[in-house]
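S.K.: What follows is data-v2.cif, mmCIF, C-alpha atoms and all ligand atoms.
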```cif
data_final
#
loop_
_atom_site.label_atom_id
_atom_site.label_comp_id
_atom_site.auth_asym_id
_atom_site.auth_seq_id
_atom_site.Cartn_x
_atom_site.Cartn_y
_atom_site.Cartn_z
CA ILE A 131 96.26 116.74 123.50
CA ASP A 132 94.86 115.61 120.19
CA GLN A 133 98.25 115.18 118.51
CA PRO A 134 99.92 112.40 120.49
CA THR A 135 103.47 111.32 119.81
CA MET A 136 104.03 107.93 118.27
CA GLY A 137 106.83 105.44 118.35
CA PHE A 138 107.62 101.75 118.26
CA PRO A 139 106.69 99.77 121.40
CA GLU A 140 110.13 98.11 121.41
CA ASN A 141 111.77 101.50 121.90
CA GLN A 142 109.37 102.82 124.50
CA GLU A 143 110.87 101.09 127.51
CA LYS A 144 114.25 102.60 126.71
CA SER A 145 112.90 106.02 125.81
CA LYS A 146 114.47 108.80 127.82
CA ARG A 147 112.29 111.47 126.30
CA ALA A 148 110.77 113.78 128.90
CA ALA A 149 107.00 114.00 128.99
CA ALA A 150 105.71 117.05 127.10
CA PHE A 151 102.69 119.09 128.17
CA PHE A 152 100.76 121.90 126.54
CA LEU A 153 99.82 124.82 128.78
CA SER A 154 97.67 127.83 128.05
CA PRO A 155 99.73 131.03 127.68
CA ASP A 156 98.22 132.35 130.93
CA LEU A 157 99.19 129.32 132.95
CA GLY A 158 102.62 129.31 131.30
CA LEU A 159 103.26 132.87 132.44
CA GLN A 160 102.15 131.97 135.95
CA VAL A 161 104.42 128.95 136.10
CA LEU A 162 107.38 131.04 134.92
CA GLN A 163 106.31 133.88 137.24
CA THR A 164 106.41 136.50 134.56
CA SER A 165 103.87 138.56 132.60
CA ALA A 166 102.84 139.07 128.99
CA LYS A 167 104.15 142.62 129.22
CA LYS A 168 107.61 141.49 130.30
CA VAL A 169 107.72 138.88 127.55
CA GLU A 170 106.78 141.48 124.94
CA LYS A 171 109.43 143.85 126.22
CA TYR A 172 111.97 141.06 126.07
CA ARG A 173 110.97 140.28 122.47
CA GLN A 174 111.46 143.89 121.45
CA GLN A 175 114.85 143.97 123.14
CA LEU A 176 115.86 140.77 121.41
CA LYS A 177 114.79 142.15 118.05
CA LYS A 178 116.85 145.29 118.57
CA SER A 179 120.06 143.80 119.91
CA GLY A 180 119.84 140.40 118.17
CA LYS A 181 120.94 138.56 121.30
CA ALA A 182 119.42 137.38 124.52
CA GLU A 183 119.52 139.90 127.33
CA LYS A 184 119.00 139.33 131.02
CA SER A 185 116.49 136.57 131.67
CA ILE A 186 112.90 137.61 132.29
CA VAL A 187 112.22 134.50 134.27
CA SER A 188 112.78 134.65 137.97
CA ALA A 189 115.91 132.75 139.01
CA SER A 190 114.21 130.92 141.84
CA LEU A 191 111.16 129.26 140.39
CA PRO A 192 109.12 127.08 142.69
CA ALA A 193 108.82 123.40 141.84
CA VAL A 194 105.74 122.54 139.84
CA THR A 195 103.99 119.21 140.02
CA ILE A 196 101.78 118.14 137.17
CA LYS A 197 99.55 115.14 137.56
CA ALA A 198 98.21 113.75 134.33
CA GLU A 199 97.01 110.42 133.18
CA ARG A 200 99.31 108.87 130.63
CA LYS A 201 97.29 107.26 127.93
CA LYS A 202 98.90 104.68 125.74
CA GLU A 203 97.23 103.24 122.73
CA LYS A 204 98.56 100.43 120.63
CA PHE A 205 97.76 100.22 116.98
CA ILE A 206 98.96 98.46 113.92
CA THR A 207 99.86 99.95 110.59
CA GLU A 208 101.84 98.67 107.64
CA ASN A 209 104.18 99.47 104.80
CA VAL A 210 103.12 98.03 101.45
CA LEU A 211 105.79 96.19 99.46
CA GLY A 212 105.58 95.43 95.76
CA TYR A 213 108.48 93.41 94.38
CA VAL A 214 109.53 93.01 90.76
CA GLU A 215 112.36 90.50 90.59
CA GLY A 216 115.26 91.35 88.33
CA THR A 217 117.19 89.06 86.03
CA ASP A 218 120.99 88.60 86.05
CA LEU A 219 121.54 91.20 88.82
CA LYS A 220 118.42 90.34 90.83
CA ASP A 221 120.25 90.23 94.18
CA GLU A 222 120.59 94.00 94.03
CA VAL A 223 117.52 96.16 94.57
CA ILE A 224 116.30 99.71 94.00
CA VAL A 225 113.68 100.96 96.44
CA ILE A 226 111.06 103.49 95.32
CA THR A 227 109.13 105.13 98.17
CA ALA A 228 106.35 107.61 98.89
CA HIS A 229 104.38 107.91 102.12
CA TYR A 230 100.69 107.02 101.94
CA ASP A 231 99.73 108.34 105.40
CA HIS A 232 98.72 111.92 106.14
CA ILE A 233 97.59 113.77 109.27
CA GLY A 234 94.12 112.27 109.67
CA VAL A 235 91.01 114.04 110.96
CA GLN A 236 91.34 117.22 112.99
CA ASP A 237 88.43 119.22 114.40
CA GLY A 238 86.07 117.10 112.35
CA LYS A 239 87.83 117.91 109.10
CA VAL A 240 89.35 115.22 106.94
CA TYR A 241 92.88 115.98 105.82
CA ASN A 242 93.26 114.03 102.60
CA GLY A 243 96.76 115.16 101.69
CA ALA A 244 96.28 114.94 97.92
CA ASP A 245 99.68 116.46 97.26
CA ASP A 246 101.26 115.28 100.55
CA ASP A 247 101.63 112.54 99.60
CA GLY A 248 98.84 111.21 97.42
CA SER A 249 100.84 112.54 94.48
CA GLY A 250 103.92 110.46 95.31
CA THR A 251 101.86 107.39 96.14
CA VAL A 252 100.14 107.29 92.74
CA ALA A 253 103.52 107.89 91.07
CA VAL A 254 104.90 104.79 92.82
CA LEU A 255 101.88 102.71 91.74
CA GLU A 256 102.20 103.82 88.12
CA MET A 257 105.90 102.94 88.06
CA ALA A 258 105.23 99.55 89.67
CA GLN A 259 102.76 98.84 86.89
CA ALA A 260 105.21 99.93 84.19
CA PHE A 261 108.02 97.74 85.54
CA ALA A 262 105.66 94.78 85.98
CA GLU A 263 104.40 95.13 82.40
CA ALA A 264 107.97 95.36 81.10
CA LYS A 265 108.77 92.14 82.92
CA GLN A 266 105.68 90.43 81.56
CA ALA A 267 106.77 91.43 78.07
CA GLY A 268 110.13 89.78 78.67
CA LYS A 269 111.95 93.11 79.06
CA GLY A 270 112.13 93.36 82.82
CA PRO A 271 114.89 95.14 84.75
CA ARG A 272 118.23 93.45 85.51
CA ARG A 273 118.20 94.52 89.15
CA SER A 274 115.15 93.94 91.34
CA MET A 275 112.69 96.71 92.17
CA LEU A 276 110.93 97.28 95.46
CA PHE A 277 107.96 99.66 95.26
CA MET A 278 107.08 100.67 98.79
CA PRO A 279 104.33 103.04 99.85
CA VAL A 280 105.34 103.68 103.48
CA THR A 281 103.28 104.51 106.54
CA GLY A 282 103.77 106.89 109.48
CA GLU A 283 105.88 109.53 107.71
CA GLU A 284 103.98 112.40 109.29
CA LYS A 285 104.63 110.95 112.75
CA GLY A 286 108.40 110.94 112.31
CA LEU A 287 109.34 108.85 109.24
CA LEU A 288 108.23 105.73 111.11
CA GLY A 289 107.46 103.41 108.18
CA SER A 290 110.82 103.92 106.49
CA GLU A 291 112.60 103.68 109.85
CA TYR A 292 110.90 100.35 110.49
CA TYR A 293 111.85 99.09 107.04
CA THR A 294 115.50 100.10 107.30
CA SER A 295 115.83 98.55 110.76
CA HIS A 296 113.96 95.39 109.63
CA PRO A 297 114.88 95.23 105.94
CA VAL A 298 113.24 92.54 103.85
CA LEU A 299 116.15 92.67 101.39
CA PRO A 300 119.69 93.32 102.68
CA LEU A 301 120.63 97.01 102.93
CA GLU A 302 124.10 96.18 101.53
CA SER A 303 122.39 95.06 98.32
CA THR A 304 120.10 98.09 98.21
CA VAL A 305 121.74 100.26 95.58
CA ALA A 306 119.51 103.37 95.73
CA ASN A 307 116.30 104.83 97.12
CA LEU A 308 114.23 107.25 95.07
CA ASN A 309 111.68 109.00 97.30
CA ILE A 310 108.77 111.10 96.09
CA ASP A 311 107.00 113.41 98.53
CA MET A 312 104.75 116.12 97.00
CA ILE A 313 104.96 116.46 93.21
CA GLY A 314 101.41 117.54 92.32
CA ARG A 315 101.48 121.30 92.96
CA THR A 316 103.68 124.33 92.46
CA ASP A 317 105.16 126.55 95.14
CA GLU A 318 105.26 130.34 95.38
CA LYS A 319 108.55 130.62 93.54
CA TYR A 320 107.29 128.83 90.42
CA ASN A 321 103.59 129.68 90.56
CA ASP A 322 102.30 129.06 87.00
CA ASP A 323 105.48 127.34 85.83
CA ARG A 324 104.96 123.59 86.16
CA ASN A 325 108.16 122.52 84.48
CA TYR A 326 110.40 122.10 87.51
CA VAL A 327 111.19 119.85 90.43
CA TYR A 328 113.39 120.30 93.48
CA ILE A 329 116.11 117.66 93.63
CA ILE A 330 117.47 116.99 97.08
CA GLY A 331 120.29 114.70 98.13
CA SER A 332 121.26 113.26 94.73
CA ASP A 333 124.96 114.17 95.06
CA ARG A 334 125.41 113.70 98.81
CA LEU A 335 126.52 110.07 98.65
CA SER A 336 127.05 109.26 94.99
CA THR A 337 128.21 111.39 92.08
CA ASP A 338 127.06 108.56 89.78
CA LEU A 339 123.48 108.78 91.02
CA HIS A 340 123.44 112.54 90.55
CA ASN A 341 124.71 112.17 86.98
CA ILE A 342 122.21 109.42 86.14
CA ASN A 343 119.31 111.66 87.18
CA GLU A 344 120.69 114.64 85.25
CA GLU A 345 121.16 112.53 82.16
CA ALA A 346 117.66 111.03 82.37
CA ASN A 347 116.31 114.56 82.55
CA ASN A 348 118.40 115.84 79.65
CA THR A 349 117.36 112.94 77.47
CA HIS A 350 113.71 112.49 78.37
CA THR A 351 112.02 115.16 80.47
CA GLN A 352 113.83 118.52 80.28
CA LEU A 353 112.49 119.71 83.61
CA LYS A 354 114.25 122.51 85.42
CA LEU A 355 116.08 120.70 88.23
CA ASP A 356 116.22 123.10 91.15
CA TYR A 357 118.90 122.33 93.77
CA THR A 358 118.03 125.19 96.16
CA TYR A 359 117.01 122.84 98.94
CA ASN A 360 120.01 120.60 98.42
CA ASP A 361 122.25 123.30 99.89
CA PRO A 362 123.37 121.94 103.29
CA ALA A 363 123.02 125.49 104.63
CA ASP A 364 119.36 125.78 103.60
CA PRO A 365 117.35 126.44 106.78
CA ASN A 366 114.53 124.06 105.75
CA GLN A 367 116.83 121.01 105.96
CA PHE A 368 114.50 118.95 103.76
CA TYR A 369 117.26 116.36 103.35
CA PHE A 370 116.37 115.10 106.82
CA ARG A 371 112.61 115.47 106.53
CA SER A 372 111.23 112.66 104.43
CA ASP A 373 111.62 108.90 104.17
CA HIS A 374 114.74 108.82 102.00
CA TYR A 375 116.75 109.96 105.02
CA ASN A 376 116.40 106.57 106.71
CA PHE A 377 118.12 105.06 103.65
CA ALA A 378 120.74 107.83 103.41
CA LYS A 379 121.78 107.32 107.01
CA ASN A 380 122.50 103.71 106.07
CA ASN A 381 124.83 104.93 103.33
CA ILE A 382 122.39 104.15 100.52
CA PRO A 383 122.39 106.84 97.79
CA ILE A 384 119.05 108.63 97.56
CA ILE A 385 117.17 111.23 95.58
CA PHE A 386 114.25 113.16 97.01
CA TYR A 387 111.80 114.62 94.43
CA PHE A 388 109.73 117.52 95.77
CA ASN A 389 107.70 120.50 94.54
CA GLY A 390 108.08 122.75 97.58
CA VAL A 391 105.37 123.82 100.01
CA HIS A 392 102.26 125.87 99.18
CA GLU A 393 99.31 127.46 100.96
CA ASP A 394 97.49 124.10 101.31
CA TYR A 395 100.45 122.31 102.90
CA HIS A 396 99.16 120.38 105.94
CA GLN A 397 95.70 121.98 105.54
CA HIS A 398 92.39 120.19 104.91
CA THR A 399 92.38 122.08 101.59
CA ASP A 400 95.17 119.87 100.17
CA GLU A 401 92.57 118.31 97.85
CA VAL A 402 92.62 116.43 94.60
CA GLU A 403 90.87 119.19 92.58
CA LYS A 404 94.01 121.28 92.93
CA ILE A 405 96.39 118.59 91.70
CA LEU A 406 98.26 119.25 88.45
CA PHE A 407 98.23 115.79 86.93
CA ASP A 408 100.40 116.67 83.95
CA LYS A 409 103.07 117.79 86.40
CA ILE A 410 102.89 114.53 88.35
CA GLU A 411 103.18 112.62 85.09
CA LYS A 412 106.29 114.44 83.93
CA ILE A 413 108.15 114.13 87.22
CA THR A 414 107.15 110.47 87.42
CA HIS A 415 108.72 110.00 83.99
CA LEU A 416 111.96 111.43 85.35
CA VAL A 417 111.92 109.11 88.36
CA PHE A 418 111.08 106.19 86.08
CA TYR A 419 113.92 106.82 83.63
CA THR A 420 116.37 107.33 86.50
CA ALA A 421 115.21 104.07 88.12
CA TRP A 422 115.35 102.26 84.76
CA ASP A 423 118.95 103.36 84.20
CA ILE A 424 120.06 102.32 87.71
CA ALA A 425 118.27 98.98 87.32
CA ASN A 426 119.94 98.10 84.02
CA ARG A 427 123.48 99.54 84.08
CA ASN A 428 126.44 97.22 84.58
CA GLU A 429 127.75 98.82 87.78
CA ARG A 430 125.67 100.05 90.70
CA PRO A 431 126.13 103.76 91.55
CA VAL A 432 129.38 104.12 93.48
CA VAL A 433 129.22 105.65 96.95
CA ASP A 434 132.06 108.19 96.77
CA LYS A 435 130.90 110.79 99.27
CA LYS A 436 130.14 111.02 102.96
CA GLY A 437 126.55 112.22 102.88
CA GLU A 438 127.22 115.69 104.22
ZN ZN A 501 104.93 114.42 103.01
#
```
Please go through the file and, once you have read it, give me the structure as C-alpha cells.
M.R.:
Amino acid sequence: IDQPTMGFPENQEKSKRAAAFFLSPDLGLQVLQTSAKKVEKYRQQLKKSGKAEKSIVSASLPAVTIKAERKKEKFITENVLGYVEGTDLKDEVIVITAHYDHIGVQDGKVYNGADDDGSGTVAVLEMAQAFAEAKQAGKGPRRSMLFMPVTGEEKGLLGSEYYTSHPVLPLESTVANLNIDMIGRTDEKYNDDRNYVYIIGSDRLSTDLHNINEEANNTHTQLKLDYTYNDPADPNQFYFRSDHYNFAKNNIPIIFYFNGVHEDYHQHTDEVEKILFDKIEKITHLVFYTAWDIANRNERPVVDKKGE
C-alpha cells in the first residue's frame, strides 16, 4: 500500500478504526465467493430497479485470516505561523489559511499541486506581506492577524485539526477564518471566464461575515460570487473538505474561497505553467479586503447561526 493513512500518535492508542486492506478484484471475488459475472448482473439489476436486490454474496462466508505486517512510521511536519499584532483590539485575531502540502511523489512522478494549493499558499504570503507593510507604515490592523500555511490537509485536514486542538491564540478570541484552497484555475463550468470564485460557508455561522465579503466584492473586485457549493444539499459537500471546517466546527465563522476542480486536480499535471496569475491576484484582493474590514470594524462578526 503506497498511500498509508496518517494520524496523530496521541490518538492512535485510542483508535478504533478497523485495519483496511486492498485486495485484487480476483481475490476479492474469491473471498466473497462470487464471480465477476454475478457482480455485473447485480449491477445491471441495480441500475434498472434503483434498489438493492437479493444479495449476491453467499450468506455463510468462511472466516478469512489475513496476516500482514503493520508498519508504523513516525514523522514530523509543521504548520507555519506568521503573526501581525493588532492595535487597540489586538486580543482578537483573524486566521488566514491555505494548505502547503500536496500528495507527494507517486510512481516516480512529482505531484507539485500548483493550484492545490500552491495558489492559496502564495495568496497567504502576499497578504501577510501587505499587512506587515501596513503595520510598518503605522497603519496596521486593529485586530491581530495570523497567517498560517497549514500542513497535512491532503491526509485529512491534519494541520488545521492540530492547530484548533492546540491553538496558539484562544479560539474564543478567533473572530474568523478565511481559507483559500485552489484559486489559480477555472473549472468546466466557467472555462474561459476567470472572473468568478466559489464562496462556501460564509453565511453558515454569521450573516455579518457573509455581508462583509459581499460588500468587499461590490466595492473592490466585482467577481461573480458563485454559491453553488454552499448549498447544504450539494453532493460534493466541500464545506467539510478543507481546513476551514476545523474552525467552523469550533463555532468560528469561516469563508472558503475555491475555483472548483478541473482535469489536473490531484494529477501530476497540476503545474505552474497552467496557473492564471491574474485570477489569483483578483481573488486575493477580495480575501484581503474582507480580512481588512473584519480586522478594523468596531464589532467582530456576530455568530447568529448554527452552522448547518
Ligand atoms: Zn487542496
S.K.: For Met278 of chain A, which of A:Pro300, A:Pro383, A:Gly250, A:Gly137 is the closest residue, counting all atoms listed in the file?
M.R.: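 Ranking A:Pro300, A:Pro383, A:Gly250, A:Gly137 by distance to Met278 of chain A, first place goes to A:Gly250.
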S.K.: List as a list in words the residues having at least one atom at most 12 Å from position (118.5, 88.5, 90.9) as given in the file, counting all atoms listed in the file.
M.R.: Tyr213, Val214, Glu215, Gly216, Thr217, Asp218, Leu219, Lys220, Asp221, Glu222, Val223, Ile224, Gly270, Pro271, Arg272, Arg273, Ser274, Met275, Leu299, Ser303, Ala425 and Asn426 of chain A
S.K.: Grab the residues selected above and save them as a compact mmCIF listing (two decimals), keeping the file's coordinate frame with C-alpha atoms.
M.R.:
```txt
# COMPACT_ATOMS: atom_id res chain seq x y z
CA TYR A 213 108.48 93.41 94.38
CA VAL A 214 109.53 93.01 90.76
CA GLU A 215 112.36 90.50 90.59
CA GLY A 216 115.26 91.35 88.33
CA THR A 217 117.19 89.06 86.03
CA ASP A 218 120.99 88.60 86.05
CA LEU A 219 121.54 91.20 88.82
CA LYS A 220 118.42 90.34 90.83
CA ASP A 221 120.25 90.23 94.18
CA GLU A 222 120.59 94.00 94.03
CA VAL A 223 117.52 96.16 94.57
CA ILE A 224 116.30 99.71 94.00
CA GLY A 270 112.13 93.36 82.82
CA PRO A 271 114.89 95.14 84.75
CA ARG A 272 118.23 93.45 85.51
CA ARG A 273 118.20 94.52 89.15
CA SER A 274 115.15 93.94 91.34
CA MET A 275 112.69 96.71 92.17
CA LEU A 299 116.15 92.67 101.39
CA SER A 303 122.39 95.06 98.32
CA ALA A 425 118.27 98.98 87.32
CA ASN A 426 119.94 98.10 84.02
```
S.K.: Which one is closest to ligand ZN 501 (chain A): A:Lys239, A:His350, A:His340, A:Arg371? Count only C-alpha atoms and all ligand atoms.
M.R.: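 Of A:Lys239, A:His350, A:His340, A:Arg371, the one nearest ligand ZN 501 (chain A) is A:Arg371, counting only C-alpha atoms and all ligand atoms.
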S.K.: Between A:Glu283, A:Glu199, A:Glu403, A:Glu263, which one has atoms that come closest to ligand ZN 501 (chain A), using only C-alpha atoms and all ligand atoms?
M.R.: A:Glu283
S.K.: Counting all atoms listed in the file, what are the residues, protein, DNA or RNA alike, that approach ligand ZN 501 (chain A) to within 9 Å? I want them as an MDAnalysis selection string.
M.R.: chainID A and resid 228:232 243 245:248 250 283:284 310:312 371:373 396
S.K.: Rank nothing, just name the residue among A:Ser165, A:Asn307, A:Thr135, A:Asn389 nearest to Thr294 of chain A, using all atoms listed in the file.
M.R.: A:Asn307
S.K.: So, with all atoms listed in the file as the atoms that count, which of A:Arg200, A:Lys354, A:Lys435, A:His374 lies closest to Leu308 of chain A?
M.R.: A:His374
S.K.: Would you please work out which residue, of A:Asp423, A:Asn428, A:Gly158, A:Val240, is nearest to Glu344 of chain A when using all atoms listed in the file?
M.R.: A:Asp423
S.K.: Show me, as a VMD selection string, the residues that have an atom within 10 Å of Ile226 of chain A when counting only C-alpha atoms, minus same-chain residues fewer than 4 positions from it.
M.R.: chain A and resid 211 to 212 250 253 to 255 257 to 258 275 to 280 306 to 310 374 384 to 385 417 to 418 421
S.K.: Listing only residues of segment 349-399 of chain A within 9 Å of segment 317-336 of chain A, what is the closest atom pair and its distance in Å (to one decimal) for each, using all atoms listed in the file, sorted by chain and residue number ascending, as CSV?
M.R.:
```
residue,atom,partner,partner_atom,distance
A:Gln352,CA,A:Asn325,CA,8.1
A:Leu353,CA,A:Tyr326,CA,5.0
A:Lys354,CA,A:Tyr326,CA,4.4
A:Leu355,CA,A:Val327,CA,5.4
A:Asp356,CA,A:Tyr328,CA,4.6
A:Tyr357,CA,A:Ile329,CA,5.4
A:Thr358,CA,A:Tyr328,CA,7.3
A:Tyr359,CA,A:Ile330,CA,6.2
A:Asn360,CA,A:Ile330,CA,4.6
A:Asp361,CA,A:Ile330,CA,8.4
A:Phe368,CA,A:Ile330,CA,7.6
A:Tyr369,CA,A:Gly331,CA,6.3
A:His374,CA,A:Gly331,CA,9.0
A:Ala378,CA,A:Leu335,CA,7.8
A:Asn381,CA,A:Leu335,CA,7.2
A:Ile382,CA,A:Leu335,CA,7.5
A:Pro383,CA,A:Leu335,CA,5.3
A:Ile384,CA,A:Ser332,CA,5.9
A:Ile385,CA,A:Ser332,CA,4.6
A:Phe386,CA,A:Ile330,CA,5.0
A:Tyr387,CA,A:Ile329,CA,5.3
A:Phe388,CA,A:Tyr328,CA,5.1
A:Asn389,CA,A:Val327,CA,5.4
A:Gly390,CA,A:Asp317,CA,5.4
A:Val391,CA,A:Asp317,CA,5.6
A:His392,CA,A:Asp317,CA,5.0
A:Glu393,CA,A:Asp317,CA,8.3
```
S.K.: Go ahead and dump the residues you just picked, C-alpha atoms, as an mmCIF file, in the frame of the given file.
M.R.:
```cif
data_model
loop_
_atom_site.group_PDB
_atom_site.id
_atom_site.type_symbol
_atom_site.label_atom_id
_atom_site.label_comp_id
_atom_site.auth_asym_id
_atom_site.auth_seq_id
_atom_site.Cartn_x
_atom_site.Cartn_y
_atom_site.Cartn_z
ATOM 1 C CA GLN A 352 113.830 118.520 80.280
ATOM 2 C CA LEU A 353 112.490 119.710 83.610
ATOM 3 C CA LYS A 354 114.250 122.510 85.420
ATOM 4 C CA LEU A 355 116.080 120.700 88.230
ATOM 5 C CA ASP A 356 116.220 123.100 91.150
ATOM 6 C CA TYR A 357 118.900 122.330 93.770
ATOM 7 C CA THR A 358 118.030 125.190 96.160
ATOM 8 C CA TYR A 359 117.010 122.840 98.940
ATOM 9 C CA ASN A 360 120.010 120.600 98.420
ATOM 10 C CA ASP A 361 122.250 123.300 99.890
ATOM 11 C CA PHE A 368 114.500 118.950 103.760
ATOM 12 C CA TYR A 369 117.260 116.360 103.350
ATOM 13 C CA HIS A 374 114.740 108.820 102.000
ATOM 14 C CA ALA A 378 120.740 107.830 103.410
ATOM 15 C CA ASN A 381 124.830 104.930 103.330
ATOM 16 C CA ILE A 382 122.390 104.150 100.520
ATOM 17 C CA PRO A 383 122.390 106.840 97.790
ATOM 18 C CA ILE A 384 119.050 108.630 97.560
ATOM 19 C CA ILE A 385 117.170 111.230 95.580
ATOM 20 C CA PHE A 386 114.250 113.160 97.010
ATOM 21 C CA TYR A 387 111.800 114.620 94.430
ATOM 22 C CA PHE A 388 109.730 117.520 95.770
ATOM 23 C CA ASN A 389 107.700 120.500 94.540
ATOM 24 C CA GLY A 390 108.080 122.750 97.580
ATOM 25 C CA VAL A 391 105.370 123.820 100.010
ATOM 26 C CA HIS A 392 102.260 125.870 99.180
ATOM 27 C CA GLU A 393 99.310 127.460 100.960
#
```
S.K.: Could you tell me how far atom CA of Asn376 of chain A lies from atom CA of Ser290 of chain A, in Å and to one decimal?
M.R.: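 So the answer is 6.2 Å.
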S.K.: Using only C-alpha atoms, which protein or nucleic acid residues come within 12 Å of Gln160 of chain A? Drop anything in the same chain fewer than 6 positions from it, and give the result as number ranges by chain.
M.R.: A: 153-154, 166, 187-188, 191-192, 194
S.K.: What box, with edges along x, y and z, holds each listed atom of segment 412-427 of chain A when 3 Å is added on every side, and can you state its centre and edge lengths in Å to one decimal, as AutoDock Vina command-line options?
M.R.:
```
--center_x 114.9 --center_y 106.3 --center_z 86.0 --size_x 23.2 --size_y 22.3 --size_z 10.7
```
S.K.: Using only C-alpha atoms, determine which residues lie at most 12 Å from Lys184 of chain A, disregarding the query and same-chain residues fewer than 3 positions distant; provide the list as a PyMOL selection string.
M.R.: chain A and resi 168-169+171-173+175-176+181+187-189
